[in-house]
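The structure under discussion appears below in the form of structure tokens.
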Amino acid sequence: MPINLKTAVVETREQRLGTIIGWDGKASDLSHESAYARGGCASKCGPKARRICELRGPFTQGSICSEQMVECQAGNVRDAVLIQHSPIGCGAGQVIYNSIFRNGLAMRGLPVQNLHLISTNLREKDMVFGGIAKLEQTIRDAWERHHPKAIFIGTSCATGIIGDDVESVATALEAELGIPVIPLHCEGFKSKHWSTGFDATQHGILRQIVRKNPEKKQEDLVNVINLWGSDVFSPILGELGLRVNYVVDMATVDELAQMSEAAATVGFCYTLSSYLAAGLEQEFGVPEVKAPMPYGFAGTDAWLREIARVTNREGKAEDYIRNEHARVKPKLAELREKLKGKKGYVATGSAYAHGLIGVLRELGVEVDGSLVFHHDPVYDSQDPREDSLAHLIDQYGEVDNFTVGNRQQYQFFALLQRVKPDFIIIRHNGLAPLAARLGIPAIPLGDEHHAVGYQGMLNLGESILDVLAHKKYHQDLAAHTKLPYKKWWLDQKDPFLFARSV
Amino acid sequence: MSIVETKIRDLPPASLAPAKTNSIEQIRYGCAIGALQSVAAIPRAIPITHCGPGCADKQFMNLAFYNGFQGGGYGGGAVVPSTNASEREVVFGGAERLSELIESGLKILDADLFVVLTGCISDLVGDDIGAVVRPFQERGIPIVYAETGGFKGNNFTGHELVTRAIIDQFVGDYAGEQQTGVVNLWSLLPYHNTFWRGDLTEIKRVLEGAGLQVNVLFGPESKGVSEWKAIPTAQFNLVVGPWLGLSTARHLEHKYGQPFLHVPVLPIGSNETARFLREVLDFAGITAGPARDKAEAFIADEEARYYKYLEDFTDFYAEYWWGLPAKFAVIGDATYNLALTRFLVNQLGLIPARQIITDNPPDEFREEIRAQYRRIADDVATEVDFEEDSYAIHQSLRQTDFGHKPPIIFGTTWERDLAKELKGVIIEVGFPTSYEVVLSRSYVGYRGALTLLEKIYSTIVSRSA
């Protein structure tokens, strides 16, 4: 289904892709139920993604909202301002994303600065009379204080409910100030999964920042859709004579604008890159590299070959692939020896988990369980070459205990009991503390590029060895702690007990 | 005689200063539902949040994680129970959803007290939370509710709403005796104040050293709900800080006929702590006799130990070659701002250059807070500003005359870059403190004051080369 840039409001993931947040079974079953070729979806669900039966129960724990993802994307554009049109509480997110922004800038060698987020600080009376006057004031404050290259406006549950007309004020001030003023509709209640917030940001960027009619084409420039990760893509793509344009976090507005001039778009995770990459191809003819993600040998090989094909650099890729295989394989063999008999568990975002499980299997680490925070039955391009779950299963085999759940800690206990891993890999908060109390150490992958490419396999292997040593800490803790769950619940084998009995 | 007379003289004329607007850049507090952290601060209490999917995560991650990396506590953290309200709850109301969340939660969660907190969605669509919670209360389940939609105020407001909800709906009526020498402590805002655990521990320690029994109510030293149940049996309520807790104390006075003592200055250092203890002892009626003697012996003992360390520190303070800061600024909530300013002026002889209170104290308390700064020492008066927008705060710091030496700024992570710009030193002492890991560290009382000296001067010395 094509991306619709005509309206200011992004279509949610569940509307576009049929995204689910509750499922439990074998990875191959989920793959079959999903929309890609093997599911035979086309005849049944038309342009919409195939619907998968979803588990829903009465008990839920705090999730994450779309607005947070807007903060961590639009709010981390270096020369823009993000206005949070909301009561002050949404603004609390400034703290975490400032810390991540600063540390990310430092890791990438960019000048460290605080982010530029401003709350309109709506109060009770604004809920009655509307908050538009305050929004206009804050836009003016943003301009006078920082003279940004663009101003993003993130909406909130409160402004969504009271129905503030954010577009009108944005349009008027865009004309007056001469910079893009971009409403991003990201009310938390609108989507069941926070990744809609990625799409909301990318939607606004596609509509109002990306250069519409680029005068030049930069045939050696590749858009890399990422977060704050270390610069591992420049050396890799440099081998092909390509330059990297990192977006969205820590980019400048001009770097966002020049995306339409690039030769191709890639990402490290289709969950994050799906919307923007598809939009750039659809609207600006910048090809999205449709291949498995760059994890493990097969994925990285195919990914590089496809980039090389799209950018007309086939020969160079083969040299690089050959050399890297030769360099990495002996080291990988050493790591496999050290990691023999170890069992890992991946609990991360959806597509990212598919990649990481592959890397663990390359390392000889057993993986018979994984939790992904949501599942997209299809990505926006609808191209089966991007079917990351199928790639995992085809290359590396079944994952027996494959669970979809939006970070529900109370279920995580039973999930870990099923497989009893030696360590877990995780990015989002909330689950590792439970694993820690059970004596299981976690690798928090702050640098999302850690496991990317050939070197990524070695990186992750080394990190596993490091974290296995941590086990001492966690086992000591486990002997001295109590979980906030009743014994009855901890004795249950089925984490979806309530969902199934409803 | 006033040897140091600082005024609001360095601010530009009003016409040049940017007009104050609604905008808040780089926030310094959360919203009312941030009080879910006040619940998490009570041992074996669990918050149940009825709000959008991001609210609990947001308040926790920012108030408790990227603020000293304090952690989530027993049943707290990002994954407290939440309705994760969706479009359905917006359109049709969320009462039913909340009810099923509570009902199922009771099967899963092991807690002594549940506190339901609502967010913007519920408060805007008008869910009748009382009607949802009351049937559970009638079943004898320890559960209360507070309506804490973000637009109602900040997490200080939320803290008082939650405190009051627990008192009114869980502690309940009491007509029995009150026990002499027992005191309920109302002071720092849990989690928001990065050092609250260590500080409450130290305040409790010194009060108990002086012979009182303390219901500390929050944090690792609290006995949990049994302590809350014992609130009405205390002799009096003790509010330590310029304003937070006063409305609770007034409510308790009305509800249980319990008097309260308000000590605006959270004590740091030997002199302040001794003065504090004597004021509390006097109020408790322990003015003479063996109990007072024992308390005085404790004070003397603590004082002797404190000054032994201070003497040793003096070699450094008097002889260090490479220059120590003279002027300081404090940017923080009213409680810590006032406490630090008094200590830095009176104990260390530093010169206050700019004090900015950032927690938006209710107007009724501001004049008294200003008066505190005007008599910060016998011979030092200073002015204090109230501001929550970091842009304005930073502009004000840029326009401050810090004299010939680099300043020392007691502030937050937001001031890190500014301190560099001013070639000064930053000590992160308040929300958000994203570059400190804080466990039991305290900066108050006798022991905390010495830790604070270590922190200040280690930071300065470590920059030397």
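Identifiers in the structure tokens: chain A, B, ... in order shown; residue index from 1 per chain; ligand index from 1 in order shown.
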
Need the shell around Pro87 of chain A: protein/DNA/RNA residues with any atom at most 10 Å away, counting only C-alpha atoms. Skip same-chain ones fewer than 2 positions apart. Format as number ranges by chain? A: 84-85, 89-91, 119-124, 126-127, 131, 156-159; B: 30-32, 120, 149-154

Provide as a PyMOL selection string the residues of chain A at most 7 Å from chain B, counting only C-alpha atoms. chain A and resi 58-65+87-89+91-96+99+117-124+134+138+157-158+188-190+192+409+430+484-486+489

As a PyMOL selection string, please: every residue in segment 100-246 of chain A that a backbone DSSP assignment puts in alpha helix (DSSP H). chain A and resi 100-107+124-129+132-146+157-162+166-177+196-208+233-238

Neighbours of segment 243-245 of chain A within 12 Å (only C-alpha atoms; same-chain residues fewer than 6 positions away dropped), as a PyMOL selection string? chain A and resi 218-226+231-237+251-267+311

Would you list the contacts of Ala277 of chain A as a list in words, taking every protein, DNA or RNA residue within 7 Å and counting only C-alpha atoms, but skipping same-chain residues closer than 4 positions in sequence?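 Within the cut-off, the hits are Thr265, Ser273, Glu281 and Glu288 of chain A.
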
With a distance cut-off of 7 Å and only C-alpha atoms, select the neighbouring residues of Val372 of chain A, excluding the residue or stretch itself and same-chain residues fewer than 4 positions from it, and output the selection as a ChimeraX atom specification. /A:347-350,353,403-405

Can you tell me, as a PDB file with N, CA and C atoms, in the first residue's frame, what residues are no more than 12 Å from segment 306-314 of chain B when counting only C-alpha atoms, ignoring any on the same chain fewer than 2 positions away?
```pdb
ATOM      1  N   ILE B 268      22.388  21.166  56.558  1.00  0.00           N
ATOM      2  CA  ILE B 268      23.652  20.607  56.073  1.00  0.00           C
ATOM      3  C   ILE B 268      24.758  21.149  56.974  1.00  0.00           C
ATOM      4  N   GLY B 269      25.574  20.260  57.522  1.00  0.00           N
ATOM      5  CA  GLY B 269      26.687  20.683  58.366  1.00  0.00           C
ATOM      6  C   GLY B 269      26.319  20.692  59.837  1.00  0.00           C
ATOM      7  N   SER B 270      27.340  20.809  60.652  1.00  0.00           N
ATOM      8  CA  SER B 270      27.168  20.657  62.096  1.00  0.00           C
ATOM      9  C   SER B 270      26.293  21.742  62.710  1.00  0.00           C
ATOM     10  N   ASN B 271      26.554  22.979  62.371  1.00  0.00           N
ATOM     11  CA  ASN B 271      25.794  24.061  62.993  1.00  0.00           C
ATOM     12  C   ASN B 271      24.319  23.983  62.649  1.00  0.00           C
ATOM     13  N   THR B 273      22.644  21.409  61.561  1.00  0.00           N
ATOM     14  CA  THR B 273      21.995  20.192  62.064  1.00  0.00           C
ATOM     15  C   THR B 273      21.720  20.304  63.563  1.00  0.00           C
ATOM     16  N   ALA B 274      22.672  20.881  64.299  1.00  0.00           N
ATOM     17  CA  ALA B 274      22.457  21.056  65.741  1.00  0.00           C
ATOM     18  C   ALA B 274      21.282  22.004  65.988  1.00  0.00           C
ATOM     19  N   ILE B 299      24.435  15.294  70.059  1.00  0.00           N
ATOM     20  CA  ILE B 299      24.838  16.446  69.244  1.00  0.00           C
ATOM     21  C   ILE B 299      26.327  16.737  69.466  1.00  0.00           C
ATOM     22  N   ALA B 300      26.753  16.703  70.700  1.00  0.00           N
ATOM     23  CA  ALA B 300      28.163  16.992  71.010  1.00  0.00           C
ATOM     24  C   ALA B 300      29.086  15.958  70.371  1.00  0.00           C
ATOM     25  N   ASP B 301      28.643  14.729  70.410  1.00  0.00           N
ATOM     26  CA  ASP B 301      29.443  13.646  69.853  1.00  0.00           C
ATOM     27  C   ASP B 301      29.571  13.789  68.328  1.00  0.00           C
ATOM     28  N   GLU B 302      28.447  14.064  67.685  1.00  0.00           N
ATOM     29  CA  GLU B 302      28.450  14.248  66.223  1.00  0.00           C
ATOM     30  C   GLU B 302      29.303  15.454  65.846  1.00  0.00           C
ATOM     31  N   GLU B 303      29.152  16.490  66.638  1.00  0.00           N
ATOM     32  CA  GLU B 303      29.886  17.737  66.383  1.00  0.00           C
ATOM     33  C   GLU B 303      31.393  17.500  66.474  1.00  0.00           C
ATOM     34  N   ALA B 304      31.799  16.759  67.493  1.00  0.00           N
ATOM     35  CA  ALA B 304      33.233  16.494  67.690  1.00  0.00           C
ATOM     36  C   ALA B 304      33.801  15.740  66.495  1.00  0.00           C
ATOM     37  N   PHE B 316      43.889  21.340  53.495  1.00  0.00           N
ATOM     38  CA  PHE B 316      43.647  21.527  52.059  1.00  0.00           C
ATOM     39  C   PHE B 316      43.040  22.899  51.799  1.00  0.00           C
ATOM     40  N   TYR B 317      42.013  23.225  52.569  1.00  0.00           N
ATOM     41  CA  TYR B 317      41.240  24.436  52.283  1.00  0.00           C
ATOM     42  C   TYR B 317      42.094  25.688  52.458  1.00  0.00           C
ATOM     43  N   ALA B 318      43.034  25.629  53.381  1.00  0.00           N
ATOM     44  CA  ALA B 318      43.857  26.804  53.653  1.00  0.00           C
ATOM     45  C   ALA B 318      45.123  26.850  52.801  1.00  0.00           C
ATOM     46  N   GLU B 319      45.573  25.683  52.347  1.00  0.00           N
ATOM     47  CA  GLU B 319      46.898  25.655  51.726  1.00  0.00           C
ATOM     48  C   GLU B 319      46.917  25.318  50.252  1.00  0.00           C
ATOM     49  N   TYR B 320      45.810  24.874  49.709  1.00  0.00           N
ATOM     50  CA  TYR B 320      45.843  24.427  48.313  1.00  0.00           C
ATOM     51  C   TYR B 320      46.226  25.593  47.401  1.00  0.00           C
ATOM     52  N   GLN B 347      29.171  27.848  56.139  1.00  0.00           N
ATOM     53  CA  GLN B 347      30.232  26.928  56.523  1.00  0.00           C
ATOM     54  C   GLN B 347      31.510  27.209  55.743  1.00  0.00           C
ATOM     55  N   LEU B 348      31.388  27.394  54.434  1.00  0.00           N
ATOM     56  CA  LEU B 348      32.593  27.524  53.610  1.00  0.00           C
ATOM     57  C   LEU B 348      32.981  28.960  53.328  1.00  0.00           C
ATOM     58  N   GLY B 445      22.865  16.804  56.719  1.00  0.00           N
ATOM     59  CA  GLY B 445      23.171  16.380  58.083  1.00  0.00           C
ATOM     60  C   GLY B 445      24.657  16.500  58.369  1.00  0.00           C
ATOM     61  N   TYR B 446      25.138  15.685  59.285  1.00  0.00           N
ATOM     62  CA  TYR B 446      26.561  15.710  59.632  1.00  0.00           C
ATOM     63  C   TYR B 446      27.377  14.977  58.575  1.00  0.00           C
ATOM     64  N   ARG B 447      26.976  13.736  58.322  1.00  0.00           N
ATOM     65  CA  ARG B 447      27.778  12.904  57.424  1.00  0.00           C
ATOM     66  C   ARG B 447      27.691  13.387  55.981  1.00  0.00           C
ATOM     67  N   GLY B 448      26.477  13.787  55.580  1.00  0.00           N
ATOM     68  CA  GLY B 448      26.295  14.230  54.197  1.00  0.00           C
ATOM     69  C   GLY B 448      27.113  15.469  53.881  1.00  0.00           C
ATOM     70  N   ALA B 449      27.253  16.342  54.860  1.00  0.00           N
ATOM     71  CA  ALA B 449      28.023  17.567  54.631  1.00  0.00           C
ATOM     72  C   ALA B 449      29.468  17.228  54.269  1.00  0.00           C
ATOM     73  N   LEU B 450      30.015  16.232  54.938  1.00  0.00           N
ATOM     74  CA  LEU B 450      31.404  15.844  54.647  1.00  0.00           C
ATOM     75  C   LEU B 450      31.501  15.226  53.254  1.00  0.00           C
ATOM     76  N   THR B 451      30.498  14.440  52.887  1.00  0.00           N
ATOM     77  CA  THR B 451      30.466  13.869  51.530  1.00  0.00           C
ATOM     78  C   THR B 451      30.379  14.984  50.494  1.00  0.00           C
ATOM     79  N   LEU B 453      31.508  18.025  50.807  1.00  0.00           N
ATOM     80  CA  LEU B 453      32.836  18.648  50.689  1.00  0.00           C
ATOM     81  C   LEU B 453      33.742  17.799  49.799  1.00  0.00           C
ATOM     82  N   GLU B 454      33.701  16.499  49.996  1.00  0.00           N
ATOM     83  CA  GLU B 454      34.516  15.605  49.157  1.00  0.00           C
ATOM     84  C   GLU B 454      34.151  15.764  47.695  1.00  0.00           C
ATOM     85  N   TYR B 457      35.207  19.363  46.242  1.00  0.00           N
ATOM     86  CA  TYR B 457      36.638  19.644  46.064  1.00  0.00           C
ATOM     87  C   TYR B 457      37.355  18.564  45.262  1.00  0.00           C
ATOM     88  N   SER B 458      36.813  17.370  45.224  1.00  0.00           N
ATOM     89  CA  SER B 458      37.373  16.372  44.293  1.00  0.00           C
ATOM     90  C   SER B 458      37.123  16.822  42.857  1.00  0.00           C
TER      91      SER B 458
END
```

Restricting the calculation to only C-alpha atoms: of B:Pro352, B:Gly241, B:Gly140, B:Gly285, which residue gets closest to Leu266 of chain B?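 The shortest atom-to-atom distance to Leu266 of chain B comes from B:Gly241.
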
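Proximity to Tyr379 of chain A was assessed for A:Pro294, A:Gly197, A:Gly397, A:Gly279 counting only C-alpha atoms; the smallest distance is recorded for A:Gly279.
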
Might you pull out every residue within 12 Å of Glu367 of chain B, with only C-alpha atoms counted and same-chain residues fewer than 2 positions away left off, and present them as a PyMOL selection string? chain B and resi 242-243+361-365+369-374+383-386

Could you give me, as a ChimeraX atom specification, each residue of segment 57-229 of chain A that DSSP assigns to strand (DSSP E) when run on this structure's backbone? /A:80-84,117-119,150-154,181-184,221-226
